[in-house]
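Single-structure report; data block below.
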Amino acid sequence: MPVIKVNNREVHIQELNKGAAETVLLIHGMFSNLSVYYFNIAPILAKHFHVVMYDLKSHGMSERTLHGYDLNSMTDDLHALMQVLNLETAHLAGYSFGGLIALKMTLRFPDKIKKLIVIEAPDPKDEKARGIIDDYSREFLEHYVENFTDTTKVKMGKRQMERNHRMYEYLFYQTSIKTDMAAEKDFLNDPQILLINTDTLLLYGMDSNCLETGKWLNEKIKSSELLLVPGNHNIPIQEPALIGDMMNMFFMN
Amino acid sequence: MDTVASTTKMNRDEIFELMKKFITEVIGEEFVEEMDITPESSFTKDLEMDSIEIVSFSEKIKAHFGNQIDFTGWLSSMDLDQLINLNLGMIINYIHECR
């Protein structure tokens, strides 16, 4: 299992087609992990690109970390990962909260990012979309996994529920994730977003409750195109082949 | 660390034993002891493996068999329902046919 050290912390990464000339970096969403790309989307992209997936801190198989869930820290992590992997530039894509990290990365390091894809990024003002509520409970977890995670089609068994319960308890009660995320609530009003001139593809589900955010970003980012995909917030799980093909086409042209 | 296996062709029983070893390494012996793992066991329903555990399992297969099989390519041809219903026997057959 490829686990590498980035800024002295263990980060789980997966790479495909290492020899390719150009790299695509993929960022997953909150409370998820790199498997959202691993089975379908990454292999499609790997036909033409070197693909790098990584687990965000405390997610998947990356090391647990108490602090640094704000977008500055998350993009510092990604920048450091690019340095460790010797990536001067890369195409970048992020899903859900990962889409916000991808946007922030493009704002902070525009020379590093060739093209940008934002999939279903939510407006962090919306608490529900941020996945943050004031009181975590087992009932909340059961509701959350039913409605918002990439495991919606699988009924969770006892061992899985326990594993997830432990992860949520850790993230909610021991780390700074709640306060860090709350501090980002005005991120989309950052006037710098108007200045993005990186070619940007916005992918949103036709029935997604985040679609308004996609339309709003499309208005703000001049060099952006908004494409709709059948489905809701879970489009990478619902339409992986379609999403993979759309991403491939955008990065190749 | 797993190494790329020799070219000796494994039979289905040997592949099954190897798969059980990988599953045990991924989810831990204490959980495997409570399970009756058979070729009919499905990954998500019976073995209760989540997606990141199936990633670990896939990586073990890739590390063991190397270029002899395109396991990720094979998985990527499946839709979500097929992945959810994937059972051990299907993987054993796939590996057996590739080698």
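Naming works like this for the structure tokens: A, B, ... for the chains as they're shown, residue 1 at the start of each chain, ligands 1 onward in shown order.
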
task: Please identify all polymer residues within 7 Å of range 17-34 of chain A, counting only C-alpha atoms, omitting same-chain residues fewer than 6 positions from it, and present them as a PyMOL selection string.
output: (chain A and resi 46+48-55+59-60+90-98) or (chain B and resi 52)

Would you output that residue set with N, CA, C and O atoms, as a PDB file, in the first residue's frame?
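And here's part.pdb as it stands now:
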```
ATOM      1  N   ALA A  46      -6.391   7.231 -16.774  1.00  0.00           N
ATOM      2  CA  ALA A  46      -5.034   6.668 -16.886  1.00  0.00           C
ATOM      3  C   ALA A  46      -4.728   6.154 -18.293  1.00  0.00           C
ATOM      4  O   ALA A  46      -3.582   5.819 -18.580  1.00  0.00           O
ATOM      5  N   HIS A  48      -4.624   8.036 -20.706  1.00  0.00           N
ATOM      6  CA  HIS A  48      -3.847   9.121 -21.315  1.00  0.00           C
ATOM      7  C   HIS A  48      -2.948   9.861 -20.328  1.00  0.00           C
ATOM      8  O   HIS A  48      -2.019  10.532 -20.734  1.00  0.00           O
ATOM      9  N   PHE A  49      -3.263   9.760 -19.050  1.00  0.00           N
ATOM     10  CA  PHE A  49      -2.562  10.599 -18.077  1.00  0.00           C
ATOM     11  C   PHE A  49      -1.954   9.777 -16.940  1.00  0.00           C
ATOM     12  O   PHE A  49      -2.425   8.690 -16.638  1.00  0.00           O
ATOM     13  N   HIS A  50      -0.938  10.356 -16.335  1.00  0.00           N
ATOM     14  CA  HIS A  50      -0.474   9.881 -15.040  1.00  0.00           C
ATOM     15  C   HIS A  50      -1.521  10.357 -14.024  1.00  0.00           C
ATOM     16  O   HIS A  50      -1.814  11.556 -13.968  1.00  0.00           O
ATOM     17  N   VAL A  51      -2.106   9.446 -13.286  1.00  0.00           N
ATOM     18  CA  VAL A  51      -3.173   9.816 -12.349  1.00  0.00           C
ATOM     19  C   VAL A  51      -2.675   9.653 -10.915  1.00  0.00           C
ATOM     20  O   VAL A  51      -2.099   8.623 -10.568  1.00  0.00           O
ATOM     21  N   VAL A  52      -2.889  10.678 -10.114  1.00  0.00           N
ATOM     22  CA  VAL A  52      -2.525  10.609  -8.687  1.00  0.00           C
ATOM     23  C   VAL A  52      -3.779  10.840  -7.852  1.00  0.00           C
ATOM     24  O   VAL A  52      -4.452  11.868  -7.993  1.00  0.00           O
ATOM     25  N   MET A  53      -4.102   9.860  -7.006  1.00  0.00           N
ATOM     26  CA  MET A  53      -5.190  10.021  -6.023  1.00  0.00           C
ATOM     27  C   MET A  53      -4.543  10.035  -4.641  1.00  0.00           C
ATOM     28  O   MET A  53      -3.541   9.345  -4.430  1.00  0.00           O
ATOM     29  N   TYR A  54      -5.110  10.777  -3.703  1.00  0.00           N
ATOM     30  CA  TYR A  54      -4.579  10.714  -2.333  1.00  0.00           C
ATOM     31  C   TYR A  54      -5.723  10.832  -1.334  1.00  0.00           C
ATOM     32  O   TYR A  54      -6.775  11.394  -1.639  1.00  0.00           O
ATOM     33  N   ASP A  55      -5.511  10.253  -0.152  1.00  0.00           N
ATOM     34  CA  ASP A  55      -6.491  10.386   0.931  1.00  0.00           C
ATOM     35  C   ASP A  55      -6.173  11.648   1.725  1.00  0.00           C
ATOM     36  O   ASP A  55      -5.026  11.842   2.166  1.00  0.00           O
ATOM     37  N   HIS A  59      -8.561  10.765   6.633  1.00  0.00           N
ATOM     38  CA  HIS A  59      -9.511  10.057   5.770  1.00  0.00           C
ATOM     39  C   HIS A  59      -8.823   8.831   5.149  1.00  0.00           C
ATOM     40  O   HIS A  59      -7.601   8.832   4.990  1.00  0.00           O
ATOM     41  N   GLY A  60      -9.641   7.851   4.778  1.00  0.00           N
ATOM     42  CA  GLY A  60      -9.084   6.666   4.127  1.00  0.00           C
ATOM     43  C   GLY A  60      -7.948   6.089   4.939  1.00  0.00           C
ATOM     44  O   GLY A  60      -8.092   5.814   6.126  1.00  0.00           O
ATOM     45  N   ALA A  90       0.115  20.269 -12.944  1.00  0.00           N
ATOM     46  CA  ALA A  90      -0.812  19.135 -13.091  1.00  0.00           C
ATOM     47  C   ALA A  90      -2.195  19.673 -13.442  1.00  0.00           C
ATOM     48  O   ALA A  90      -2.510  20.833 -13.178  1.00  0.00           O
ATOM     49  N   HIS A  91      -2.994  18.800 -14.051  1.00  0.00           N
ATOM     50  CA  HIS A  91      -4.433  19.074 -14.117  1.00  0.00           C
ATOM     51  C   HIS A  91      -4.998  18.705 -12.746  1.00  0.00           C
ATOM     52  O   HIS A  91      -4.474  17.802 -12.091  1.00  0.00           O
ATOM     53  N   LEU A  92      -6.079  19.368 -12.356  1.00  0.00           N
ATOM     54  CA  LEU A  92      -6.594  19.139 -11.009  1.00  0.00           C
ATOM     55  C   LEU A  92      -8.112  18.953 -11.041  1.00  0.00           C
ATOM     56  O   LEU A  92      -8.813  19.696 -11.743  1.00  0.00           O
ATOM     57  N   ALA A  93      -8.603  17.987 -10.299  1.00  0.00           N
ATOM     58  CA  ALA A  93     -10.050  17.810 -10.169  1.00  0.00           C
ATOM     59  C   ALA A  93     -10.398  17.514  -8.722  1.00  0.00           C
ATOM     60  O   ALA A  93      -9.659  16.794  -8.026  1.00  0.00           O
ATOM     61  N   GLY A  94     -11.508  18.072  -8.248  1.00  0.00           N
ATOM     62  CA  GLY A  94     -11.941  17.810  -6.882  1.00  0.00           C
ATOM     63  C   GLY A  94     -13.447  17.627  -6.836  1.00  0.00           C
ATOM     64  O   GLY A  94     -14.187  18.293  -7.558  1.00  0.00           O
ATOM     65  N   TYR A  95     -13.864  16.721  -5.973  1.00  0.00           N
ATOM     66  CA  TYR A  95     -15.287  16.408  -5.830  1.00  0.00           C
ATOM     67  C   TYR A  95     -15.796  16.892  -4.462  1.00  0.00           C
ATOM     68  O   TYR A  95     -15.151  16.661  -3.439  1.00  0.00           O
ATOM     69  N   SER A  96     -16.966  17.553  -4.486  1.00  0.00           N
ATOM     70  CA  SER A  96     -17.616  18.004  -3.259  1.00  0.00           C
ATOM     71  C   SER A  96     -16.666  18.944  -2.482  1.00  0.00           C
ATOM     72  O   SER A  96     -16.166  19.905  -3.058  1.00  0.00           O
ATOM     73  N   PHE A  97     -16.377  18.659  -1.220  1.00  0.00           N
ATOM     74  CA  PHE A  97     -15.444  19.511  -0.484  1.00  0.00           C
ATOM     75  C   PHE A  97     -14.086  19.558  -1.191  1.00  0.00           C
ATOM     76  O   PHE A  97     -13.392  20.580  -1.176  1.00  0.00           O
ATOM     77  N   GLY A  98     -13.724  18.456  -1.850  1.00  0.00           N
ATOM     78  CA  GLY A  98     -12.483  18.425  -2.635  1.00  0.00           C
ATOM     79  C   GLY A  98     -12.511  19.434  -3.776  1.00  0.00           C
ATOM     80  O   GLY A  98     -11.464  19.923  -4.216  1.00  0.00           O
TER      81      GLY A  98
ATOM     82  N   ILE B  52     -12.663   1.488   0.608  1.00  0.00           N
ATOM     83  CA  ILE B  52     -11.215   1.679   0.806  1.00  0.00           C
ATOM     84  C   ILE B  52     -10.560   0.335   1.156  1.00  0.00           C
ATOM     85  O   ILE B  52      -9.395   0.094   0.822  1.00  0.00           O
TER      86      ILE B  52
END
```

- request: Can you pull out every residue within 9 Å of range 16-22 of chain B, counting only C-alpha atoms, but drop anything in the same chain fewer than 4 positions away, and send it as a ChimeraX atom specification?
  value: /B:11-12,26-27,32,37-39,56-57,60-61,88-89,91-92

Selection export as a tab-separated table (two decimals), in the first residue's frame, atoms kept: all heavy atoms:
```tsv
chain	number	residue	atom	x	y	z
B	11	ASN	N	-4.14	-23.45	-8.94
B	11	ASN	CA	-5.51	-23.91	-9.18
B	11	ASN	C	-6.49	-23.06	-8.38
B	11	ASN	O	-6.09	-22.20	-7.59
B	11	ASN	CB	-5.65	-25.42	-8.88
B	11	ASN	CG	-5.42	-25.73	-7.41
B	11	ASN	OD1	-5.77	-24.94	-6.53
B	11	ASN	ND2	-4.82	-26.88	-7.13
B	12	ARG	N	-7.77	-23.31	-8.59
B	12	ARG	CA	-8.79	-22.44	-7.97
B	12	ARG	C	-8.72	-22.46	-6.44
B	12	ARG	O	-8.91	-21.44	-5.79
B	12	ARG	CB	-10.19	-22.86	-8.45
B	12	ARG	CG	-10.50	-22.41	-9.86
B	12	ARG	CD	-11.97	-22.63	-10.20
B	12	ARG	NE	-12.34	-21.86	-11.38
B	12	ARG	CZ	-12.07	-22.21	-12.62
B	12	ARG	NH1	-11.40	-23.32	-12.86
B	12	ARG	NH2	-12.43	-21.44	-13.64
B	26	VAL	N	-6.48	-7.48	5.30
B	26	VAL	CA	-7.16	-6.19	5.15
B	26	VAL	C	-8.11	-5.91	6.32
B	26	VAL	O	-8.09	-4.83	6.90
B	26	VAL	CB	-7.92	-6.11	3.80
B	26	VAL	CG1	-8.80	-4.87	3.75
B	26	VAL	CG2	-6.94	-6.09	2.63
B	27	ILE	N	-8.95	-6.89	6.68
B	27	ILE	CA	-9.97	-6.57	7.69
B	27	ILE	C	-9.61	-7.06	9.09
B	27	ILE	O	-10.27	-6.70	10.05
B	27	ILE	CB	-11.39	-7.06	7.28
B	27	ILE	CG1	-11.49	-8.58	7.26
B	27	ILE	CG2	-11.79	-6.48	5.94
B	27	ILE	CD1	-12.89	-9.06	6.94
B	32	VAL	N	-12.39	-11.98	10.68
B	32	VAL	CA	-12.45	-13.13	9.78
B	32	VAL	C	-12.86	-14.39	10.54
B	32	VAL	O	-13.59	-15.23	10.01
B	32	VAL	CB	-11.08	-13.32	9.06
B	32	VAL	CG1	-11.05	-14.63	8.29
B	32	VAL	CG2	-10.83	-12.15	8.12
B	37	ILE	N	-15.99	-17.72	5.22
B	37	ILE	CA	-15.66	-17.21	3.89
B	37	ILE	C	-15.72	-18.35	2.87
B	37	ILE	O	-15.06	-19.37	3.03
B	37	ILE	CB	-14.25	-16.56	3.87
B	37	ILE	CG1	-14.20	-15.40	4.88
B	37	ILE	CG2	-13.91	-16.06	2.47
B	37	ILE	CD1	-12.86	-14.70	4.95
B	38	THR	N	-16.55	-18.15	1.85
B	38	THR	CA	-16.68	-19.15	0.79
B	38	THR	C	-16.56	-18.41	-0.56
B	38	THR	O	-16.60	-17.17	-0.59
B	38	THR	CB	-18.07	-19.83	0.83
B	38	THR	OG1	-19.05	-18.86	0.40
B	38	THR	CG2	-18.42	-20.32	2.22
B	39	PRO	N	-16.44	-19.18	-1.65
B	39	PRO	CA	-16.39	-18.50	-2.96
B	39	PRO	C	-17.65	-17.69	-3.25
B	39	PRO	O	-17.64	-16.78	-4.08
B	39	PRO	CB	-16.24	-19.65	-3.96
B	39	PRO	CG	-15.58	-20.74	-3.17
B	39	PRO	CD	-16.15	-20.62	-1.79
B	56	SER	N	-7.49	-1.69	-0.84
B	56	SER	CA	-6.34	-2.40	-0.25
B	56	SER	C	-6.22	-3.82	-0.79
B	56	SER	O	-5.14	-4.29	-1.13
B	56	SER	CB	-6.48	-2.52	1.27
B	56	SER	OG	-6.49	-1.28	1.85
B	57	PHE	N	-7.38	-4.48	-0.86
B	57	PHE	CA	-7.42	-5.85	-1.37
B	57	PHE	C	-6.93	-5.88	-2.83
B	57	PHE	O	-6.11	-6.73	-3.20
B	57	PHE	CB	-8.87	-6.36	-1.24
B	57	PHE	CG	-9.10	-7.71	-1.84
B	57	PHE	CD1	-8.71	-8.86	-1.15
B	57	PHE	CD2	-9.71	-7.85	-3.07
B	57	PHE	CE1	-8.91	-10.12	-1.71
B	57	PHE	CE2	-9.93	-9.11	-3.63
B	57	PHE	CZ	-9.53	-10.24	-2.94
B	60	LYS	N	-3.25	-5.59	-3.14
B	60	LYS	CA	-2.55	-6.84	-2.79
B	60	LYS	C	-2.54	-7.79	-3.98
B	60	LYS	O	-1.54	-8.44	-4.27
B	60	LYS	CB	-3.21	-7.50	-1.58
B	60	LYS	CG	-2.88	-6.80	-0.27
B	60	LYS	CD	-3.49	-7.47	0.93
B	60	LYS	CE	-3.21	-6.66	2.18
B	60	LYS	NZ	-1.77	-6.60	2.53
B	61	ILE	N	-3.66	-7.86	-4.69
B	61	ILE	CA	-3.73	-8.71	-5.88
B	61	ILE	C	-2.74	-8.20	-6.94
B	61	ILE	O	-1.98	-8.96	-7.53
B	61	ILE	CB	-5.17	-8.75	-6.43
B	61	ILE	CG1	-6.05	-9.54	-5.45
B	61	ILE	CG2	-5.20	-9.39	-7.81
B	61	ILE	CD1	-7.48	-9.68	-5.88
B	88	LEU	N	-16.24	-13.61	-4.25
B	88	LEU	CA	-14.89	-14.17	-4.34
B	88	LEU	C	-14.73	-15.09	-5.54
B	88	LEU	O	-13.69	-15.08	-6.21
B	88	LEU	CB	-14.60	-14.95	-3.06
B	88	LEU	CG	-13.74	-14.27	-2.03
B	88	LEU	CD1	-13.54	-15.20	-0.83
B	88	LEU	CD2	-12.37	-13.93	-2.62
B	89	GLY	N	-15.78	-15.88	-5.80
B	89	GLY	CA	-15.70	-16.83	-6.91
B	89	GLY	C	-15.44	-16.15	-8.23
B	89	GLY	O	-14.68	-16.66	-9.08
B	91	ILE	N	-13.78	-13.42	-8.75
B	91	ILE	CA	-12.37	-13.01	-8.79
B	91	ILE	C	-11.48	-14.23	-9.02
B	91	ILE	O	-10.52	-14.18	-9.81
B	91	ILE	CB	-11.99	-12.27	-7.49
B	91	ILE	CG1	-12.76	-10.96	-7.42
B	91	ILE	CG2	-10.49	-12.03	-7.42
B	91	ILE	CD1	-12.50	-10.15	-6.19
B	92	ILE	N	-11.81	-15.32	-8.35
B	92	ILE	CA	-11.02	-16.55	-8.53
B	92	ILE	C	-11.06	-16.97	-10.01
B	92	ILE	O	-10.03	-17.27	-10.61
B	92	ILE	CB	-11.57	-17.68	-7.61
B	92	ILE	CG1	-11.31	-17.31	-6.14
B	92	ILE	CG2	-10.93	-19.02	-7.96
B	92	ILE	CD1	-12.09	-18.15	-5.14
```

Find the nearest atom pair between each residue of chain B and chain A for residues within 7 Å, count only C-alpha atoms, give distances in Å to one decimal, sort rows by chain and ascending number, and present the table as a tab-separated table.
```
residue	atom	partner	partner_atom	distance
B:Glu48	CA	A:Gly157	CA	6.0
B:Ser51	CA	A:Ser35	CA	5.8
B:Ile52	CA	A:Ser35	CA	5.6
B:Val55	CA	A:Ser35	CA	6.6
B:Ser56	CA	A:Met1	CA	6.8
B:Glu59	CA	A:Met1	CA	6.6
B:Thr72	CA	A:Phe39	CA	6.7
B:Gly73	CA	A:Pro43	CA	6.7
B:Leu75	CA	A:Phe39	CA	6.3
B:Ser76	CA	A:Asn40	CA	4.6
```

Kindly export the residues of the current selection with all heavy atoms, as a JSON list (two decimals), in the first residue's frame.
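Generated output (again36.json):
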```json
[["chain", "number", "residue", "atom", "x", "y", "z"],
["B", 48, "GLU", "N", -18.64, -7.47, 4.34],
["B", 48, "GLU", "CA", -18.77, -6.09, 4.87],
["B", 48, "GLU", "C", -17.53, -5.26, 4.62],
["B", 48, "GLU", "O", -17.09, -4.50, 5.48],
["B", 48, "GLU", "CB", -19.04, -6.14, 6.38],
["B", 48, "GLU", "CG", -20.46, -6.46, 6.72],
["B", 48, "GLU", "CD", -20.74, -6.12, 8.17],
["B", 48, "GLU", "OE1", -20.05, -5.24, 8.72],
["B", 48, "GLU", "OE2", -21.64, -6.73, 8.75],
["B", 51, "SER", "N", -15.32, 0.49, 0.52],
["B", 51, "SER", "CA", -14.59, 0.74, -0.71],
["B", 51, "SER", "C", -13.08, 0.87, -0.49],
["B", 51, "SER", "O", -12.29, 0.38, -1.29],
["B", 51, "SER", "CB", -15.15, 1.97, -1.41],
["B", 51, "SER", "OG", -15.33, 3.01, -0.49],
["B", 52, "ILE", "N", -12.66, 1.49, 0.61],
["B", 52, "ILE", "CA", -11.22, 1.68, 0.81],
["B", 52, "ILE", "C", -10.56, 0.34, 1.16],
["B", 52, "ILE", "O", -9.39, 0.09, 0.82],
["B", 52, "ILE", "CB", -10.91, 2.78, 1.88],
["B", 52, "ILE", "CG1", -9.47, 3.29, 1.76],
["B", 52, "ILE", "CG2", -11.19, 2.31, 3.29],
["B", 52, "ILE", "CD1", -9.17, 4.14, 0.56],
["B", 55, "VAL", "N", -10.03, -1.34, -2.08],
["B", 55, "VAL", "CA", -8.82, -0.77, -2.69],
["B", 55, "VAL", "C", -7.58, -1.51, -2.17],
["B", 55, "VAL", "O", -6.72, -1.94, -2.94],
["B", 55, "VAL", "CB", -8.69, 0.76, -2.41],
["B", 55, "VAL", "CG1", -7.32, 1.28, -2.83],
["B", 55, "VAL", "CG2", -9.79, 1.54, -3.12],
["B", 56, "SER", "N", -7.49, -1.69, -0.84],
["B", 56, "SER", "CA", -6.34, -2.40, -0.25],
["B", 56, "SER", "C", -6.22, -3.82, -0.79],
["B", 56, "SER", "O", -5.14, -4.29, -1.13],
["B", 56, "SER", "CB", -6.48, -2.52, 1.27],
["B", 56, "SER", "OG", -6.49, -1.28, 1.85],
["B", 59, "GLU", "N", -4.98, -3.80, -4.32],
["B", 59, "GLU", "CA", -3.54, -3.52, -4.37],
["B", 59, "GLU", "C", -2.73, -4.77, -4.03],
["B", 59, "GLU", "O", -1.66, -4.99, -4.58],
["B", 59, "GLU", "CB", -3.20, -2.38, -3.40],
["B", 59, "GLU", "CG", -3.67, -1.02, -3.88],
["B", 59, "GLU", "CD", -3.03, -0.62, -5.21],
["B", 59, "GLU", "OE1", -1.80, -0.62, -5.30],
["B", 59, "GLU", "OE2", -3.77, -0.34, -6.17],
["B", 72, "THR", "N", -7.37, -3.92, -11.95],
["B", 72, "THR", "CA", -8.10, -2.64, -11.89],
["B", 72, "THR", "C", -8.90, -2.44, -13.18],
["B", 72, "THR", "O", -10.02, -1.95, -13.15],
["B", 72, "THR", "CB", -7.12, -1.46, -11.70],
["B", 72, "THR", "OG1", -6.11, -1.86, -10.79],
["B", 72, "THR", "CG2", -7.82, -0.25, -11.14],
["B", 73, "GLY", "N", -8.28, -2.81, -14.31],
["B", 73, "GLY", "CA", -8.97, -2.68, -15.60],
["B", 73, "GLY", "C", -10.25, -3.53, -15.61],
["B", 73, "GLY", "O", -11.29, -3.10, -16.09],
["B", 75, "LEU", "N", -12.00, -4.51, -12.94],
["B", 75, "LEU", "CA", -12.98, -3.89, -12.04],
["B", 75, "LEU", "C", -13.63, -2.67, -12.69],
["B", 75, "LEU", "O", -14.83, -2.43, -12.52],
["B", 75, "LEU", "CB", -12.31, -3.45, -10.73],
["B", 75, "LEU", "CG", -11.88, -4.54, -9.76],
["B", 75, "LEU", "CD1", -11.20, -3.90, -8.55],
["B", 75, "LEU", "CD2", -13.06, -5.38, -9.30],
["B", 76, "SER", "N", -12.83, -1.92, -13.45],
["B", 76, "SER", "CA", -13.36, -0.66, -14.00],
["B", 76, "SER", "C", -14.41, -0.92, -15.08],
["B", 76, "SER", "O", -15.14, 0.00, -15.45],
["B", 76, "SER", "CB", -12.23, 0.22, -14.54],
["B", 76, "SER", "OG", -11.71, -0.35, -15.72]]
```

query: Which residues in range 5-242 of chain A does DSSP call strand (DSSP E or B)? List them as JSON, numbers by chain.
result: {"A": [5, 6, 9, 10, 11, 12, 13, 14, 15, 16, 23, 24, 25, 26, 27, 50, 51, 52, 53, 54, 90, 91, 92, 93, 94, 95, 113, 114, 115, 116, 117, 118, 119, 199, 200, 201, 202, 203, 204, 205, 224, 225, 226, 227, 228, 229]}

Shell around Ile119 in chain A at 12 Å using only C-alpha atoms, local window under 6 positions removed, as a VMD selection string: chain A and resid 26 to 29 92 to 103 200 to 205 208 210 to 211 213 to 214 217 225 to 229 232 to 237 240 243 to 244 246 to 247

message: Between CA of Pro124 in chain A and CA of Lys185 in chain A, what distance in Å does the model show, to one decimal?
response: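 CA of Lys185 in chain A lies at a distance of 4.8 Å from CA of Pro124 in chain A.
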
message: I need the helix (DSSP H, G or I) residues of range 8-248 of chain A per DSSP on the backbone, written as a count of residues only.
response: 105

query: Which residues, written as a PyMOL selection string, have at least one atom at most 8 Å from Thr175 in chain A, with only C-alpha atoms counted and residues fewer than 6 positions away on the same chain left out?
result: chain A and resi 65-67

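Residue nearest Ser41 in chain B, chosen from B:Cys98, B:Met10, B:Ile15, B:Leu86 and counting only C-alpha atoms: B:Leu86.
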
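Counting only C-alpha atoms, the residue from B:Tyr94, B:Arg99, B:Ile69, B:Asn87 that sits nearest to Lys45 in chain B is B:Asn87.
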
Residues near Ala80 in chain A, cut-off 10 Å, only C-alpha atoms, skip fewer than 6 positions along chain, as a list of chain:residue names: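 Counting only the stated atoms, we get A:Val6, A:Asn7, A:Met74, A:Asn86, A:Leu87.
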
Written file, previous selection with C-alpha atoms, as a PDB file, in the first residue's frame:
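Once everything was written out, this is selection.pdb:
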```pdb
ATOM      1  CA  VAL A   6       4.546  14.502   3.238  1.00  0.00           C
ATOM      2  CA  ASN A   7       5.511  17.180   5.777  1.00  0.00           C
ATOM      3  CA  MET A  74      -5.553  21.565   2.829  1.00  0.00           C
ATOM      4  CA  ASN A  86       8.179  16.221  -8.330  1.00  0.00           C
ATOM      5  CA  LEU A  87       5.125  17.558 -10.128  1.00  0.00           C
TER       6      LEU A  87
END
```

- request: In Å, rounded to a single decimal, give me how far CA of Phe65 in chain B is from CA of Glu10 in chain A.
  value: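 Separation between CA of Glu10 in chain A and CA of Phe65 in chain B: 26.2 Å.
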